[in-house]
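A.B. asks: Sharing structure22.cif below, mmCIF, C-alpha atoms and all ligand atoms:
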data_input
#
loop_
_atom_site.label_atom_id
_atom_site.label_comp_id
_atom_site.auth_asym_id
_atom_site.auth_seq_id
_atom_site.Cartn_x
_atom_site.Cartn_y
_atom_site.Cartn_z
CA MET A 1 -82.47 -61.38 -36.71
CA THR A 2 -85.05 -62.67 -39.19
CA GLN A 3 -88.19 -60.62 -39.68
CA LYS A 4 -91.25 -61.97 -37.89
CA SER A 5 -94.33 -62.88 -39.94
CA LYS A 6 -97.00 -60.19 -40.11
CA VAL A 7 -99.91 -61.27 -37.95
CA ALA A 8 -103.52 -60.14 -38.01
CA VAL A 9 -106.20 -60.82 -35.43
CA ILE A 10 -109.66 -60.78 -36.97
CA GLY A 11 -112.56 -60.69 -34.49
CA LEU A 12 -111.94 -58.53 -31.44
CA GLY A 13 -114.17 -60.05 -28.78
CA ASN A 14 -112.94 -61.88 -25.66
CA ILE A 15 -110.29 -64.00 -27.35
CA GLY A 16 -109.21 -61.63 -30.13
CA THR A 17 -108.74 -58.75 -27.70
CA ALA A 18 -106.71 -60.93 -25.32
CA ILE A 19 -104.49 -62.17 -28.18
CA ALA A 20 -103.90 -58.69 -29.61
CA THR A 21 -103.17 -57.32 -26.13
CA ASN A 22 -100.71 -60.14 -25.39
CA LEU A 23 -98.89 -59.59 -28.69
CA VAL A 24 -98.44 -55.90 -27.94
CA LYS A 25 -97.16 -56.82 -24.46
CA GLY A 26 -94.81 -59.21 -26.24
CA ASN A 27 -93.59 -56.25 -28.33
CA ARG A 28 -95.00 -57.62 -31.57
CA THR A 29 -96.81 -55.59 -34.19
CA VAL A 30 -100.38 -56.78 -34.76
CA ILE A 31 -102.98 -55.88 -37.37
CA VAL A 32 -106.45 -55.76 -35.84
CA ALA A 33 -109.80 -55.99 -37.64
CA ASP A 34 -113.44 -56.65 -36.83
CA LYS A 35 -116.73 -56.22 -38.68
CA THR A 36 -116.41 -52.47 -38.22
CA PHE A 37 -113.27 -50.35 -38.49
CA GLU A 38 -114.45 -48.40 -35.43
CA LYS A 39 -114.09 -51.44 -33.20
CA ALA A 40 -110.55 -52.10 -34.42
CA ASN A 41 -109.65 -48.42 -34.12
CA LYS A 42 -110.92 -48.27 -30.54
CA LEU A 43 -108.79 -51.25 -29.52
CA SER A 44 -105.71 -49.88 -31.26
CA GLN A 45 -106.07 -46.55 -29.46
CA LYS A 46 -106.00 -48.49 -26.21
CA LEU A 47 -103.03 -50.68 -27.21
CA GLY A 48 -100.86 -48.06 -28.90
CA ASN A 49 -98.75 -47.93 -32.05
CA LEU A 50 -98.00 -51.64 -32.29
CA ALA A 51 -101.69 -52.36 -32.99
CA GLN A 52 -102.70 -51.30 -36.49
CA PRO A 53 -106.45 -51.08 -37.22
CA VAL A 54 -107.56 -51.91 -40.77
CA GLU A 55 -110.63 -53.18 -42.64
CA ILE A 56 -110.97 -56.98 -42.83
CA SER A 57 -110.05 -57.17 -46.52
CA ALA A 58 -106.82 -55.23 -45.86
CA ALA A 59 -105.98 -57.47 -42.89
CA VAL A 60 -106.34 -60.56 -45.07
CA LYS A 61 -104.19 -59.00 -47.77
CA GLU A 62 -101.39 -57.69 -45.53
CA ALA A 63 -100.97 -60.48 -42.98
CA GLU A 64 -99.07 -63.74 -43.38
CA ILE A 65 -100.65 -65.24 -40.25
CA ILE A 66 -104.38 -64.67 -39.67
CA VAL A 67 -105.87 -65.49 -36.28
CA LEU A 68 -109.59 -65.99 -36.85
CA ALA A 69 -110.96 -65.18 -33.39
CA ILE A 70 -114.57 -65.67 -34.44
CA TRP A 71 -117.10 -68.46 -33.96
CA PHE A 72 -116.90 -71.84 -35.73
CA GLU A 73 -119.77 -71.14 -38.17
CA GLY A 74 -118.33 -67.70 -38.89
CA ILE A 75 -115.00 -69.23 -39.87
CA LYS A 76 -116.73 -71.46 -42.42
CA GLU A 77 -118.32 -68.37 -43.98
CA PHE A 78 -115.02 -66.51 -43.83
CA PHE A 79 -113.32 -69.27 -45.82
CA LYS A 80 -115.96 -68.91 -48.54
CA THR A 81 -115.85 -65.11 -48.65
CA TYR A 82 -112.05 -64.85 -48.78
CA ALA A 83 -111.27 -68.12 -50.59
CA THR A 84 -108.97 -66.53 -53.17
CA GLU A 85 -107.28 -64.05 -50.84
CA LEU A 86 -106.40 -66.74 -48.27
CA ASP A 87 -104.15 -68.60 -50.72
CA GLY A 88 -100.69 -68.84 -49.10
CA LYS A 89 -101.84 -67.56 -45.69
CA ILE A 90 -101.45 -69.33 -42.35
CA ILE A 91 -104.83 -69.55 -40.61
CA VAL A 92 -104.83 -69.89 -36.82
CA ASP A 93 -108.09 -71.30 -35.48
CA PRO A 94 -108.89 -70.91 -31.76
CA SER A 95 -112.57 -71.89 -32.21
CA ASN A 96 -114.58 -74.28 -30.12
CA PRO A 97 -117.59 -75.90 -31.79
CA ILE A 98 -120.06 -74.94 -29.07
CA ALA A 99 -123.24 -72.90 -28.56
CA PRO A 100 -125.26 -71.98 -25.45
CA ASP A 101 -127.54 -74.77 -24.21
CA GLU A 102 -130.90 -74.42 -22.47
CA LYS A 103 -129.36 -74.74 -18.98
CA GLY A 104 -127.06 -71.73 -19.12
CA GLY A 105 -124.06 -73.84 -20.15
CA PHE A 106 -122.62 -74.86 -23.52
CA LYS A 107 -123.24 -77.80 -25.82
CA LYS A 108 -121.17 -79.17 -28.68
CA ILE A 109 -122.68 -78.34 -32.07
CA ILE A 110 -120.85 -80.99 -34.08
CA GLU A 111 -120.70 -84.76 -33.63
CA LYS A 112 -119.25 -85.81 -30.29
CA ASP A 113 -116.14 -87.43 -31.74
CA ARG A 114 -115.36 -84.67 -34.26
CA SER A 115 -113.30 -81.50 -33.81
CA ALA A 116 -113.58 -77.99 -35.21
CA GLY A 117 -109.93 -78.26 -36.26
CA GLU A 118 -110.51 -81.31 -38.47
CA LEU A 119 -113.75 -80.02 -39.96
CA LEU A 120 -112.39 -76.55 -40.73
CA SER A 121 -109.15 -77.84 -42.19
CA ALA A 122 -111.21 -79.93 -44.62
CA LEU A 123 -112.85 -76.70 -45.83
CA LEU A 124 -109.61 -74.76 -46.07
CA PRO A 125 -109.25 -72.55 -49.16
CA LYS A 126 -106.70 -73.74 -51.71
CA GLY A 127 -103.10 -72.88 -50.78
CA ALA A 128 -103.90 -71.87 -47.19
CA LYS A 129 -102.16 -73.48 -44.20
CA PHE A 130 -103.88 -74.25 -40.95
CA ALA A 131 -103.12 -74.61 -37.24
CA LYS A 132 -105.40 -75.16 -34.28
CA ALA A 133 -103.98 -72.84 -31.61
CA LEU A 134 -104.65 -70.16 -29.00
CA GLY A 135 -108.05 -71.61 -28.04
CA THR A 136 -106.97 -74.14 -25.46
CA LEU A 137 -107.43 -71.73 -22.53
CA GLY A 138 -110.45 -69.62 -21.61
CA ALA A 139 -110.27 -65.89 -22.32
CA ALA A 140 -109.57 -65.06 -18.67
CA SER A 141 -106.50 -67.32 -18.50
CA LEU A 142 -105.34 -66.20 -21.93
CA GLU A 143 -105.24 -62.72 -20.44
CA ASN A 144 -104.17 -63.40 -16.86
CA ALA A 145 -101.72 -66.29 -17.31
CA ALA A 146 -99.75 -64.65 -20.14
CA PHE A 147 -96.04 -64.00 -19.45
CA ARG A 148 -96.33 -65.74 -16.09
CA GLN A 149 -93.17 -65.92 -13.97
CA PRO A 150 -91.14 -67.89 -13.04
CA GLU A 151 -92.69 -70.60 -15.23
CA LYS A 152 -94.84 -69.80 -18.23
CA ALA A 153 -98.13 -71.57 -18.84
CA VAL A 154 -98.45 -73.86 -21.87
CA GLU A 155 -100.62 -73.33 -24.96
CA PHE A 156 -101.07 -76.56 -26.92
CA TYR A 157 -101.38 -76.50 -30.71
CA ALA A 158 -102.00 -78.99 -33.50
CA THR A 159 -101.20 -78.90 -37.21
CA ASP A 160 -100.75 -81.33 -40.07
CA ASP A 161 -98.27 -79.00 -41.74
CA THR A 162 -95.04 -79.07 -39.76
CA SER A 163 -93.49 -76.43 -42.06
CA ILE A 164 -95.42 -73.79 -40.06
CA ASN A 165 -94.44 -75.06 -36.60
CA ALA A 166 -91.80 -72.36 -36.08
CA GLN A 167 -94.19 -69.52 -36.96
CA ILE A 168 -96.95 -70.89 -34.74
CA GLU A 169 -94.55 -71.39 -31.84
CA GLU A 170 -93.20 -67.85 -32.22
CA LEU A 171 -96.79 -66.56 -32.19
CA ILE A 172 -97.57 -68.49 -29.00
CA ARG A 173 -94.33 -67.31 -27.34
CA ASP A 174 -95.10 -63.72 -28.28
CA ASN A 175 -98.48 -64.24 -26.58
CA GLY A 176 -96.62 -65.06 -23.36
CA PHE A 177 -96.97 -68.86 -23.35
CA ASP A 178 -94.79 -71.92 -23.94
CA PRO A 179 -95.91 -73.75 -27.10
CA VAL A 180 -96.41 -77.52 -27.12
CA ARG A 181 -97.37 -79.29 -30.35
CA ILE A 182 -99.72 -82.07 -29.44
CA GLY A 183 -99.64 -83.63 -32.92
CA ASN A 184 -101.61 -83.55 -36.15
CA LEU A 185 -105.13 -82.20 -36.48
CA ASP A 186 -106.56 -85.60 -35.58
CA GLN A 187 -105.49 -84.59 -32.05
CA SER A 188 -107.37 -81.27 -32.23
CA ILE A 189 -110.30 -82.64 -30.24
CA ARG A 190 -108.00 -82.97 -27.23
CA ILE A 191 -107.30 -79.21 -27.13
CA GLU A 192 -110.86 -78.01 -27.81
CA VAL A 193 -113.51 -77.44 -25.12
CA PHE A 194 -114.43 -80.74 -23.35
CA GLY A 195 -111.11 -82.24 -24.50
CA ASP A 196 -108.64 -83.81 -22.09
CA LEU A 197 -106.13 -80.98 -22.65
CA HIS A 198 -108.51 -78.01 -22.55
CA GLU A 199 -108.90 -75.73 -19.56
CA PHE A 200 -112.69 -76.27 -19.85
CA GLY A 201 -112.30 -80.02 -20.26
CA ALA A 202 -110.65 -82.78 -18.27
CA LEU A 203 -107.47 -80.73 -17.75
CA GLY A 204 -109.37 -77.98 -15.95
CA LYS A 205 -106.37 -75.71 -15.39
CA THR A 206 -103.27 -74.20 -16.94
CA VAL A 207 -100.10 -76.31 -16.94
CA THR A 208 -96.38 -75.57 -17.24
CA LEU A 209 -93.84 -77.37 -19.44
CA ASN A 210 -92.69 -79.30 -16.38
CA GLU A 211 -96.23 -80.51 -15.77
CA VAL A 212 -96.94 -81.40 -19.40
CA LYS A 213 -95.20 -84.76 -19.24
CA ASN A 214 -97.76 -85.83 -16.66
CA VAL A 215 -100.73 -84.98 -18.87
CA ALA A 216 -99.66 -85.32 -22.51
CA GLU A 217 -97.29 -87.02 -24.92
CA PRO A 218 -96.31 -84.10 -27.17
CA ALA A 219 -95.54 -84.91 -30.82
N1 LIG B 1 -114.35 -66.93 -24.84
C1 LIG B 1 -113.53 -67.93 -24.50
O1 LIG B 1 -113.21 -68.18 -23.31
C2 LIG B 1 -112.96 -68.80 -25.60
C3 LIG B 1 -111.94 -69.72 -25.26
C4 LIG B 1 -111.33 -70.47 -26.27
C5 LIG B 1 -111.76 -70.32 -27.59
N2 LIG B 1 -112.77 -69.46 -27.88
C6 LIG B 1 -113.19 -69.35 -29.28
O2 LIG B 1 -112.73 -68.10 -29.80
C7 LIG B 1 -113.67 -67.62 -30.76
C8 LIG B 1 -114.09 -66.21 -30.36
O3 LIG B 1 -114.72 -66.30 -29.07
P1 LIG B 1 -115.02 -64.97 -28.25
O4 LIG B 1 -115.48 -65.39 -26.91
O5 LIG B 1 -113.87 -64.05 -28.39
O6 LIG B 1 -116.26 -64.40 -29.09
P2 LIG B 1 -116.86 -62.93 -29.07
O7 LIG B 1 -116.54 -62.26 -27.79
O8 LIG B 1 -118.28 -63.06 -29.53
O9 LIG B 1 -116.01 -62.18 -30.21
C9 LIG B 1 -116.13 -62.43 -31.57
C10 LIG B 1 -115.82 -61.12 -32.30
O10 LIG B 1 -115.68 -61.36 -33.69
C11 LIG B 1 -116.54 -60.48 -34.41
N3 LIG B 1 -116.88 -61.15 -35.66
C12 LIG B 1 -117.81 -62.10 -35.88
N4 LIG B 1 -117.77 -62.50 -37.17
C13 LIG B 1 -116.79 -61.78 -37.76
C14 LIG B 1 -116.28 -61.72 -39.09
N5 LIG B 1 -116.75 -62.50 -40.06
N6 LIG B 1 -115.27 -60.89 -39.34
C15 LIG B 1 -114.75 -60.10 -38.37
N7 LIG B 1 -115.21 -60.08 -37.10
C16 LIG B 1 -116.21 -60.92 -36.81
C17 LIG B 1 -117.70 -60.26 -33.47
O11 LIG B 1 -118.45 -59.10 -33.82
P3 LIG B 1 -120.02 -59.07 -33.39
O12 LIG B 1 -120.05 -59.13 -31.90
O13 LIG B 1 -120.47 -57.76 -33.94
O14 LIG B 1 -120.66 -60.26 -34.03
C18 LIG B 1 -116.95 -60.09 -32.14
O15 LIG B 1 -116.38 -58.80 -32.03
C19 LIG B 1 -114.82 -68.63 -30.80
O16 LIG B 1 -114.63 -69.51 -31.87
C20 LIG B 1 -114.70 -69.37 -29.48
O17 LIG B 1 -115.18 -70.69 -29.55
C21 LIG B 1 -113.37 -68.69 -26.92
#
When written as structure tokens, how does the structure in this file appear?
C.D. replies:
Amino acid sequence: MTQKSKVAVIGLGNIGTAIATNLVKGNRTVIVADKTFEKANKLSQKLGNLAQPVEISAAVKEAEIIVLAIWFEGIKEFFKTYATELDGKIIVDPSNPIAPDEKGGFKKIIEKDRSAGELLSALLPKGAKFAKALGTLGAASLENAAFRQPEKAVEFYATDDTSINAQIEELIRDNGFDPVRIGNLDQSIRIEVFGDLHEFGALGKTVTLNEVKNVAEPA
């Protein structure tokens, strides 16, 4: 069996915690990091030996796949701070370009017809690879719908670089979902919040592989 890529989850809030927890359930080792080591250490104590807490700089150095489970603006900063170290790494971006509005909901913080995936990939550090993935469901479904039986739920992803498809699909499977590539990053808007394939968009629910053909034309 070939060795799986080393994966790190950076940012251990709603989404990062759900992803790290799923990976451990999927029997995959995961490096965890947040702004403080204490936060990562606390989560790893809960998850057990498969979750390894480290400082952010060590996570960036050690991992081949880095899930940046932080907010859109934070990812932009992260790219600047770790520009050199991210060379050769696969970045997984679950972000939605949204912020709280005045009515207790959320509003898009970039132009209506743009996506976080496209904008962030344009800022990608030299030599890094990029996939939009693991953000197409809300945190509750990411946690509760993982490893569902008898039919798994789908997590859509998008990437321009098809050489990383296998690693992204393995990551999604190890999270307990069936991966479906929806296309290049120009399709990213479809799998971000308000998009037609997002749980908090027109889709409004999780779907199975059998149901996908009714809602999407995968690449
Ligand atoms: N929540 C959802 O249902 C959902 C669904 C799909 C996609 N997403 C996307 O997933 C991302 C994370 O959302 P979330 O709800 O998990 O947010 P969250 O609960 O606020 O968690 C973000 C975590 O990342 C930490 N953090 C922030 N900047 C960091 C940095 N530079 N390095 C390391 N850690 C950092 C935060 O620490 P502090 O709290 O100390 O700042 C916090 O622990 C967002 O882009 C969001 O759009 C969320």
A.B. asks: Just checking: using all atoms listed in the file, which residue out of A:Ile19, A:Ala146, A:Leu171, A:Ala116 ends up closest to Pro97 of chain A?
C.D. replies: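 Nearest candidate to Pro97 of chain A out of A:Ile19, A:Ala146, A:Leu171, A:Ala116: A:Ala116.
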A.B. asks: Taking all atoms listed in the file into account, which residues are within 9 Å of ligand LIG 1 (chain B), as a PyMOL selection string?
C.D. replies: chain A and resi 10-18+33-36+39+56+68-75+77-78+93-99+134-142+192-193+198-200
A.B. asks: Just C-alpha atoms for this one: save the residues we selected as a tab-separated table (two decimals), keeping the file's coordinate frame.
C.D. replies:
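Output file again.tsv is given in full below:
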chain	number	residue	atom	x	y	z
A	10	ILE	CA	-109.66	-60.78	-36.97
A	11	GLY	CA	-112.56	-60.69	-34.49
A	12	LEU	CA	-111.94	-58.53	-31.44
A	13	GLY	CA	-114.17	-60.05	-28.78
A	14	ASN	CA	-112.94	-61.88	-25.66
A	15	ILE	CA	-110.29	-64.00	-27.35
A	16	GLY	CA	-109.21	-61.63	-30.13
A	17	THR	CA	-108.74	-58.75	-27.70
A	18	ALA	CA	-106.71	-60.93	-25.32
A	33	ALA	CA	-109.80	-55.99	-37.64
A	34	ASP	CA	-113.44	-56.65	-36.83
A	35	LYS	CA	-116.73	-56.22	-38.68
A	36	THR	CA	-116.41	-52.47	-38.22
A	39	LYS	CA	-114.09	-51.44	-33.20
A	56	ILE	CA	-110.97	-56.98	-42.83
A	68	LEU	CA	-109.59	-65.99	-36.85
A	69	ALA	CA	-110.96	-65.18	-33.39
A	70	ILE	CA	-114.57	-65.67	-34.44
A	71	TRP	CA	-117.10	-68.46	-33.96
A	72	PHE	CA	-116.90	-71.84	-35.73
A	73	GLU	CA	-119.77	-71.14	-38.17
A	74	GLY	CA	-118.33	-67.70	-38.89
A	75	ILE	CA	-115.00	-69.23	-39.87
A	77	GLU	CA	-118.32	-68.37	-43.98
A	78	PHE	CA	-115.02	-66.51	-43.83
A	93	ASP	CA	-108.09	-71.30	-35.48
A	94	PRO	CA	-108.89	-70.91	-31.76
A	95	SER	CA	-112.57	-71.89	-32.21
A	96	ASN	CA	-114.58	-74.28	-30.12
A	97	PRO	CA	-117.59	-75.90	-31.79
A	98	ILE	CA	-120.06	-74.94	-29.07
A	99	ALA	CA	-123.24	-72.90	-28.56
A	134	LEU	CA	-104.65	-70.16	-29.00
A	135	GLY	CA	-108.05	-71.61	-28.04
A	136	THR	CA	-106.97	-74.14	-25.46
A	137	LEU	CA	-107.43	-71.73	-22.53
A	138	GLY	CA	-110.45	-69.62	-21.61
A	139	ALA	CA	-110.27	-65.89	-22.32
A	140	ALA	CA	-109.57	-65.06	-18.67
A	141	SER	CA	-106.50	-67.32	-18.50
A	142	LEU	CA	-105.34	-66.20	-21.93
A	192	GLU	CA	-110.86	-78.01	-27.81
A	193	VAL	CA	-113.51	-77.44	-25.12
A	198	HIS	CA	-108.51	-78.01	-22.55
A	199	GLU	CA	-108.90	-75.73	-19.56
A	200	PHE	CA	-112.69	-76.27	-19.85
A.B. asks: So the first atom is atom CA of Ser115 of chain A and the second is atom CA of Ser188 of chain A; what is the distance between them in Å, to one decimal place?
C.D. replies: 6.1 Å
A.B. asks: Between A:Lys107, A:Gly117, A:Ser5, A:Ile172, which residue has the minimum interatomic distance to Ala20 of chain A, considering all atoms listed in the file?
C.D. replies: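 Distance minimum relative to Ala20 of chain A lands on A:Ile172.
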A.B. asks: Would you compute the distance between atom CA of Ser121 of chain A and atom CA of Lys108 of chain A? Give it in Å to one decimal.
C.D. replies: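 Computing the Euclidean distance for atom CA of Ser121 of chain A and atom CA of Lys108 of chain A yields 18.1 Å.
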A.B. asks: Please list as JSON, numbers by chain every residue within 10 Å of Ile182 of chain A, counting all atoms listed in the file and excluding residues in the same chain fewer than 4 positions away.
C.D. replies: {"A": [155, 156, 157, 158, 159, 186, 187, 188, 190, 191, 197, 216, 217, 218, 219]}
A.B. asks: Between atom CA of Lys152 of chain A and atom CA of Gly204 of chain A, what is the distance in Å, rounded to a tenth?
C.D. replies: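 Taking atom CA of Lys152 of chain A as the start and atom CA of Gly204 of chain A as the end point, the length is 16.8 Å.
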A.B. asks: Please provide as a PyMOL selection string all residues within 12 Å of Glu211 of chain A, with the sequence filter that same-chain residues fewer than 4 positions apart are discarded (counting all atoms listed in the file).
C.D. replies: chain A and resi 151-154+178+180+203+205-207+215-218
A.B. asks: Work out where the centre of an axis-aligned box around every listed atom of segment 127-138 of chain A lies and how long its edges are once 3 Å is added on each side; give both in Å to one decimal as JSON.
C.D. replies:
{"center_x": -106.3, "center_y": -72.4, "center_z": -36.2, "size_x": 14.3, "size_y": 11.5, "size_z": 35.2}
A.B. asks: Using only C-alpha atoms, can you tell me which of A:Thr21, A:Glu64, A:Tyr82, A:Glu55 comes closest to Lys129 of chain A?
C.D. replies: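 For Lys129 of chain A, the nearest of the given residues is A:Glu64.
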A.B. asks: Leaving out Val92 of chain A and any residue of its chain fewer than 3 positions from it, which residues lie within 6 Å of it when counting all atoms listed in the file, given as a PyMOL selection string?
C.D. replies: chain A and resi 66-67+131-132
A.B. asks: Given all atoms listed in the file as the basis, pick out the residue of A:Lys42, A:Lys25, A:Lys61, A:Lys80 nearest to Lys6 of chain A.
C.D. replies: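 When distances to Lys6 of chain A are compared using all atoms listed in the file, the smallest one comes from A:Lys61.
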A.B. asks: Skip Asp160 of chain A itself and residues of its chain fewer than 3 positions away, then list as a list in words all residues within 8 Å of it, counting all atoms listed in the file.
C.D. replies: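 Returned residues: Phe130, Ala131, Gly183, Asn184 and Leu185 of chain A.
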